[in-house]
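So the structure is just underneath, and the comments pick up after that.
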Amino acid sequence: MSRVGFEQASADHRAAVEAAARVIEAQAPASWTAARDGGKWSPAEIAEHLALSYEPLLDELSGKAGFQVRLPWWKRRLARFAYLPKIFAGKFPKGAPAPRESRPKTGSATPAEAARRLRENAARFETELTEAHRSRRVRLMHPYFGKLTAPETFKLLAVHATHHRAQFPAAR
């Protein structure tokens with residue numbers, strides 16, 4: 001990843017989350033819970049996944065267990081070098097499995113509720129990561145890529161939001 005500073009990474013993340021939240025709010029209620037072609041997640045489930053993606057990170061920042069590591073160290077290192085630069089360039093791998101902690105079990109009842117939840121989780125994460133970053137060197141565990149710096153974490157979450165934003169019918 002190019003050396004993007006903390007403030008720029010945070011601002012890019014904020015913009016990506018807001019763009020995703022606006023697309024979520026624009027979803028037609030009639031298709032909100034309808035699965036997409038091929039049994040893919042419904043808009044409600046995609047929105048839930050985006051909001052859930054912050055919870056293990058917030059847990060880790062508060063001293064609890066965050067994401068469970070899914071790969072041995074050498075595979076995390078390989079995945080980090082093979083996939084992370086492509087992801088940071090905006091090319092999310094198709095069919096990449098979501099970590100268990102961020103897989104939706106249900107979705108928000110309405111697009112407005114889902115957008116509100118995403119904004120709240122993202123804002124809370126930004127606040128807590130900023131506070132932690134000011135007081136110490138922060139590295140958060142990703143289940144497939146290993147420890148990421150604060151700017152790397154913001155960048156990954158921004159690309160993640162942009163990737164999923166394109167999956168909503170209202171984005172097309």
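Letters for chains follow the order of the structure tokens (A, B, ...), residue numbers begin at 1 for each chain, and ligand numbers begin at 1 in the order shown.
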
Counting only C-alpha atoms, what is within 12 Å of Ala98 (chain A), bar same-chain residues fewer than 2 positions away, as a VMD selection string?
-> chain A and resid 41 46 49 to 50 52 to 53 67 70 92 to 96 100 to 104 142 to 144 160 164

Spatial neighbours of Val159 (chain A), max dist 8 Å, only C-alpha atoms, sep filter under 3 positions, as a PyMOL selection string | chain A and resi 16+87-88+90+92+155-156+162-163

Quick one, how far is CA of Thr153 (chain A) from CA of Trp32 (chain A)?
->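 Taking CA of Thr153 (chain A) and CA of Trp32 (chain A), their separation equals 28.8 Å.
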
Residue contacts of Glu7 (chain A) (12 Å, only C-alpha atoms) excluding same-chain residues fewer than 2 positions away, as a ChimeraX atom specification | /A:3-5,9-14,126,129-130,133-134,150-152,154-155

Name the residues of chain A that fall into strand (DSSP E or B) according to DSSP on the backbone, using the chain letters and numbers of this document, as an mmCIF file with N, CA and C atoms, in the first residue's frame.
data_model
loop_
_atom_site.group_PDB
_atom_site.id
_atom_site.type_symbol
_atom_site.label_atom_id
_atom_site.label_comp_id
_atom_site.auth_asym_id
_atom_site.auth_seq_id
_atom_site.Cartn_x
_atom_site.Cartn_y
_atom_site.Cartn_z
ATOM 1 N N ARG A 36 -30.327 -12.075 -4.242
ATOM 2 C CA ARG A 36 -29.919 -11.750 -5.609
ATOM 3 C C ARG A 36 -29.721 -13.041 -6.396
ATOM 4 N N LYS A 40 -27.112 -15.200 -3.929
ATOM 5 C CA LYS A 40 -26.261 -14.210 -3.258
ATOM 6 C C LYS A 40 -27.073 -13.455 -2.218
ATOM 7 N N ARG A 139 -2.285 -1.833 15.703
ATOM 8 C CA ARG A 139 -2.327 -2.818 14.618
ATOM 9 C C ARG A 139 -3.474 -3.762 14.947
ATOM 10 N N LEU A 140 -4.416 -3.867 14.014
ATOM 11 C CA LEU A 140 -5.598 -4.699 14.230
ATOM 12 C C LEU A 140 -5.509 -5.968 13.399
ATOM 13 N N MET A 141 -5.975 -7.068 13.976
ATOM 14 C CA MET A 141 -5.873 -8.369 13.327
ATOM 15 C C MET A 141 -6.956 -8.548 12.268
ATOM 16 N N HIS A 142 -6.523 -8.923 11.086
ATOM 17 C CA HIS A 142 -7.442 -9.330 10.025
ATOM 18 C C HIS A 142 -7.320 -10.839 9.923
ATOM 19 N N GLY A 146 -3.482 -10.849 8.578
ATOM 20 C CA GLY A 146 -2.666 -10.566 9.748
ATOM 21 C C GLY A 146 -2.878 -9.148 10.252
ATOM 22 N N LYS A 147 -1.923 -8.658 11.023
ATOM 23 C CA LYS A 147 -2.024 -7.338 11.650
ATOM 24 C C LYS A 147 -1.919 -6.229 10.603
ATOM 25 N N LEU A 148 -2.864 -5.291 10.677
ATOM 26 C CA LEU A 148 -2.888 -4.132 9.783
ATOM 27 C C LEU A 148 -2.743 -2.858 10.610
ATOM 28 N N THR A 149 -2.039 -1.891 10.060
ATOM 29 C CA THR A 149 -1.932 -0.593 10.719
ATOM 30 C C THR A 149 -3.294 0.101 10.658
#

Which neighbours of Ala34 (chain A) fall inside 10 Å, counting only C-alpha atoms, when residues of the same chain fewer than 4 positions from it are skipped, and could you give them as a ChimeraX atom specification?
-> /A:29-30,39-45

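Among A:Glu48, A:Phe125, A:Ala19, A:Asp37, the residue with the shortest atom-to-atom distance to Lys105 (chain A), counting only C-alpha atoms, is A:Glu48.
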
Step one, run DSSP on the backbone; step two, keep only residues of chain A assigned to alpha helix (DSSP H); then write them as a VMD selection string.
-> chain A and resid 6 to 25 43 to 52 55 to 61 73 to 88 111 to 135 150 to 165

So, counting only C-alpha atoms, which residue among A:Ala26, A:Ala20, A:Tyr54, A:Arg136 is closest to Glu120 (chain A)?
-> A:Tyr54

Could you give me, as a PyMOL selection string, the residues within 12 Å of Gly63 (chain A), counting only C-alpha atoms and dropping anything in the same chain fewer than 5 positions from it?
-> chain A and resi 56-58+128+132+140
